[in-house]
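Engineer: Sharing a structure below in structure tokens format, with a few things to ask.
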Amino acid sequence: MDNSNAWSRSLVVAALSVLPLGSATIGAAASGDPKYRITEVGQPSNMAQALDAPPLNASGQVTGYAYFYRSMHAFLWQPNGNLMVDLGPFDWAGVPTGESIGLGLNASGQVTGYSGPTTGPLHAFLWKSDGTPMTDLGTLGGQYSEGLAINDSGQVVGDAGTATSTHAFIWKNDGHPMRDLGTLGGTSSVGRAVNASGQVAGQAATSGNAAKHAFFWKNDGTAMLDLGTLGGTNSDGQFVNASGQVIGASDMRGQTATHGFLWRNDGTPMVDLGTLGGPNSAVAAINDSGQIAGSAFVRSQGVSRHAVLWTNGGTQIHDLGTLGGPTSLGNAINSSGWVVGWSRTSTNHSTDLGHAFLWMNNGQPMKDLNNLVDPADPLKACVVLIRAKAINDSADIVAQGNDICSGGNLNEYLVRTSSLALSPRTLAFGNQKAGTAGASKSVTVQNNTASAVPITSIALAGIGANQFAATNNCGSSIAGSGSCTIKVSFKPTSKGAKSATLSVNGGGGGLRVVILTGTGT
């Protein structure tokens with residue numbers, strides 16, 4: 001592939017032409033806007049691209065692909081001042097070059113995607129972030145496979161070749177080969193998303209291959225469940241949250257339009273998410289509270305689309321507006337209901353590539369992310385943030401930007417809030433005898449502004465929250481340029497790997513998260 005600015009620019013424009021997560025309340029009183037700082041992911045010569053899979057985890061790590069020695073390789077980048085890690089292709093005997101792409105990333109920095117020689121075959125992989133080479137996940141008897149999503153247990157889903165077709169698979173990271181999830185009676189299927197319980201959403205062909213329907217696989221020994229459609233022929237399950245709620249797209253009756261849907265996992269049929277009066281809508285992400293980000297056509301503006309947020313089980317749609325132009329797209333959502341995406345700023349499509357936006361679920365209009373960048377940031381004068389792709393629970397954002405100081409190079413950037421900072425962002429307690437508590441480890445909460453900022457909450461969360469304990473001296477606020485300390489200890493109740501998160505909410509910048517891990521022995 002060519003490593004040219006023209007190729008990169010065309011990729012962005014194409015991505016913008018396609019319709020591609022919380023308990024905060026709509027219309028809540030506004031808090032102070034966060035200030036952000038920009039960090040380049042990799043170097044301009046690498047032409048890094050972070051894909052929408054999502055490419056960002058709670059620690060601010062990013063995956064995607066970049067050019068290493070003119071070959072496209074998967075990478076892992078983390079905001080620690082080091083260069084991105086080249087995950088490389090598989091070690092294919094006798095093949096001097098190969099390629100790989102990172103498509104999914106979990107909380108531990110494990111990456112999945114596909115890899116192989118530049119001429120094929122391509123196989124799904126898992127890169128474990130432990131210093132070992134990527135693991136070839138194999139196929140279902142055919143030549144091809146790809147890993148499309150990964151959960152925090154390192155379970156991977158995607159699609160893989162059989163002797164005659166391609167089927168959805170799950171690779172459970174338990175020493176066994178990938179498992180064929182079957183179809184809905186037809187020949188093909190694909191697994192697109194997996195949650196922490198190993199439940200899978202995707203699309204599968206029905207009997208006779210007359211249609212393809214969204215499916216849900218419960219991971220309970222039963223076959224995949226046909227989720228049906230909204231009256232048309234086809235549907236597609238694209239995302240699944242921790243409760244097993246599935247969102248995706250479905251044809252409407254008569255094949256005249258496509259609408260986003262929500263399947264609530266409560267025994268009822270999929271719900272039509274509707275539009276803003278126009279013909280179509282599309283989903284982009286769902287959080288564990290069931291809030292959904294996406295886009296919908298607006299009747300009053302012809303074929304224009306606006307970013308939207310669906311709430312209350314998909315029964316309410318909120319128009320998030322634009323940054324002044326006719327069109328915006330919602331691309332991602334975090335647990336606080338903050339939405340990021342892309343918006344045109346004018347009606348001049350020939351010169352307006354658009355700007356990245358942040359909508360903070362605080363009763364205020366969407367904000368141009370460029371206007372939230374700290375004036376002291378040295379990259380502010382050079383980088384125009386065009387499209388926000390992902391946001392985590394710390395309100396860190398992955399965005400694509402145009403570096404006008406280097407001739408308009410398009411690259412990926414991690415855009416991080418600077419009001420409150422946690423250090424470190426990961427605490428690894430190692431092995432600890434079950435029933436006993438080890439030595440505590442400290443997290444420093446630093447206020448990077450000159451004014452006092454509130455501390456709304458400090459809490460342990462996640463499946464292993466009861467394995468850890470935390471105390472702090474932070475109080476209800478931190479003085480300007482001040483700091484406080486949180487001490488965390490690990491006391492496993494049983495043997496095995498444990499994990500949780502320490503969340504600090506405050507400072508107008510949403511949740512800040514520390515990943516906690518340890519192993520009971």
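Convention: chains lettered A, B, ... in structure tokens order; per-chain residue numbering from 1; ligands numbered from 1 as shown.
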Report as JSON, numbers by chain all protein, DNA and RNA residues lying within 9 Å of Thr135 in chain A, evaluated on only C-alpha atoms, omitting residues in the same chain fewer than 2 positions from it.
Structural biologist: {"A": [90, 124, 125, 126, 127, 128, 132, 133, 137, 138]}
Engineer: For those residues, write C-alpha atoms to a file as an mmCIF file, in the first residue's frame.
Structural biologist:
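Saved to selection-v5.cif:
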data_model
loop_
_atom_site.group_PDB
_atom_site.id
_atom_site.type_symbol
_atom_site.label_atom_id
_atom_site.label_comp_id
_atom_site.auth_asym_id
_atom_site.auth_seq_id
_atom_site.Cartn_x
_atom_site.Cartn_y
_atom_site.Cartn_z
ATOM 1 C CA PHE A 90 2.846 -13.777 11.995
ATOM 2 C CA ALA A 124 -7.206 -13.977 13.426
ATOM 3 C CA PHE A 125 -4.651 -13.289 16.151
ATOM 4 C CA LEU A 126 -4.366 -12.462 19.834
ATOM 5 C CA TRP A 127 -1.446 -10.339 21.016
ATOM 6 C CA LYS A 128 -1.205 -10.826 24.788
ATOM 7 C CA THR A 132 5.323 -13.008 23.510
ATOM 8 C CA PRO A 133 4.566 -12.964 19.756
ATOM 9 C CA LEU A 137 -6.112 -18.384 16.426
ATOM 10 C CA GLY A 138 -6.474 -20.644 13.388
#
Engineer: Residues at most 10 Å from Pro378 in chain A, counting only C-alpha atoms, excluding those fewer than 3 positions away in the same chain, as a VMD selection string?
Structural biologist: chain A and resid 37 to 39 374 to 375 381 to 383
Engineer: If we count only C-alpha atoms and set the cut-off at 10 Å, which residues sit around Asn371 in chain A, ignoring sequence neighbours fewer than 3 positions away in its own chain? Please answer as an MDAnalysis selection string.
Structural biologist: chainID A and resid 35:36 357 367:368 374:375 380 385
Engineer: Could the residues in this selection be written to a file with N, CA and C atoms, as a short mmCIF file (atom, residue, chain, number, x, y, z; two decimals), in the first residue's frame?
Structural biologist:
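Okay, selection32.cif is ready:
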data_model
loop_
_atom_site.label_atom_id
_atom_site.label_comp_id
_atom_site.auth_asym_id
_atom_site.auth_seq_id
_atom_site.Cartn_x
_atom_site.Cartn_y
_atom_site.Cartn_z
N LYS A 35 -10.42 20.91 30.17
CA LYS A 35 -9.36 21.29 29.25
C LYS A 35 -8.63 20.02 28.82
N TYR A 36 -8.29 20.00 27.54
CA TYR A 36 -7.65 18.82 26.98
C TYR A 36 -6.26 19.14 26.48
N PHE A 357 -16.30 16.70 17.79
CA PHE A 357 -17.12 17.30 18.83
C PHE A 357 -17.16 16.44 20.08
N LYS A 367 -19.75 20.63 21.95
CA LYS A 367 -18.59 21.52 21.93
C LYS A 367 -17.63 21.08 20.83
N ASP A 368 -17.05 22.06 20.17
CA ASP A 368 -15.96 21.80 19.24
C ASP A 368 -14.75 21.38 20.08
N ASP A 374 -6.27 22.89 25.76
CA ASP A 374 -5.58 23.86 26.62
C ASP A 374 -4.77 24.83 25.75
N PRO A 375 -4.94 26.15 25.95
CA PRO A 375 -4.16 27.12 25.15
C PRO A 375 -2.65 26.94 25.29
N LYS A 380 -1.67 22.84 19.90
CA LYS A 380 -2.94 23.51 19.60
C LYS A 380 -2.86 24.33 18.32
N LEU A 385 -8.44 19.02 15.04
CA LEU A 385 -9.07 17.73 15.31
C LEU A 385 -10.33 17.61 14.47
#
Engineer: As an NGL selection string, please: the residues near Ala257 in chain A (cut-off 10 Å, only C-alpha atoms, same-chain neighbours under 2 positions excluded).
Structural biologist: :A and (232 or 250-255 or 259 or 278-281)
Engineer: Write the selection just made, keeping C-alpha atoms, as a tab-separated table (two decimals), in the first residue's frame?
Structural biologist:
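So the final result, stored in part.tsv, reads:
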chain	number	residue	atom	x	y	z
A	232	GLY	CA	-37.70	-5.87	6.21
A	250	SER	CA	-32.47	-3.45	10.24
A	251	ASP	CA	-34.28	-3.00	6.94
A	252	MET	CA	-37.77	-1.57	7.26
A	253	ARG	CA	-40.81	-3.08	5.57
A	254	GLY	CA	-40.57	-2.77	1.82
A	255	GLN	CA	-36.80	-2.24	2.00
A	259	HIS	CA	-33.26	2.04	11.08
A	278	GLY	CA	-35.94	11.51	7.88
A	279	PRO	CA	-35.64	8.06	6.33
A	280	ASN	CA	-32.71	6.36	8.06
A	281	SER	CA	-30.82	6.05	11.34
Engineer: Using DSSP on the backbone coordinates, identify the residues of range 272-513 of chain A assigned to strand (DSSP E); present them as JSON, numbers by chain.
Structural biologist: {"A": [272, 277, 278, 279, 280, 281, 282, 283, 284, 285, 286, 292, 293, 294, 295, 296, 297, 298, 305, 306, 307, 308, 309, 310, 311, 316, 317, 318, 319, 328, 329, 330, 331, 332, 333, 339, 340, 341, 342, 343, 355, 356, 357, 358, 359, 367, 368, 383, 384, 385, 386, 387, 388, 389, 390, 391, 397, 398, 399, 400, 401, 402, 403, 409, 410, 411, 412, 413, 414, 415, 416, 417, 420, 421, 422, 423, 426, 427, 428, 429, 430, 431, 432, 441, 442, 443, 444, 445, 446, 447, 453, 454, 455, 456, 457, 458, 459, 460, 461, 468, 469, 470, 471, 472, 477, 478, 483, 484, 485, 486, 487, 488, 489, 490, 496, 497, 498, 499, 500, 501, 502, 503, 504, 505, 506, 511, 512, 513]}
Engineer: Can you tell me, as a ChimeraX atom specification, what residues are no more than 10 Å from Thr315 in chain A when counting only C-alpha atoms, ignoring any on the same chain fewer than 2 positions away?
Structural biologist: /A:262,271-274,310-313,317
Engineer: Write out as a count of residues only the residues lying within 9 Å of Val339 in chain A, counting only C-alpha atoms and excluding same-chain residues fewer than 4 positions away.
Structural biologist: 18
Engineer: Would you mind telling me which residue in A:Val398, A:Leu87, A:Leu372, A:Val384 lies nearest to Gln49 in chain A when using only C-alpha atoms?
Structural biologist: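 Closest to Gln49 in chain A, using only C-alpha atoms: A:Val398.
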Engineer: Restricting the calculation to only C-alpha atoms: of A:Ser100, A:Asn392, A:Gln245, A:Asn431, which residue gets closest to Glu146 in chain A?
Structural biologist: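 Counting only C-alpha atoms, the residue closest to Glu146 in chain A is A:Ser100.
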Engineer: So, counting only C-alpha atoms, which residue among A:Gly354, A:Gly408, A:Gly482, A:Pro492 is closest to Gly430 in chain A?
Structural biologist: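 Of the candidates, the smallest distance to Gly430 in chain A is held by A:Pro492.
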Engineer: Fewer than 2 positions away in the same chain doesn't count, so skip those; otherwise give me all residues within 9 Å of Val514 in chain A, counting only C-alpha atoms, as a ChimeraX atom specification.
Structural biologist: /A:58-59,422-427,443,500-504,512,516
Engineer: Rounded to one decimal place, report the CA of Val373 in chain A-CA of His318 in chain A distance in Å.
Structural biologist: 26.1 Å
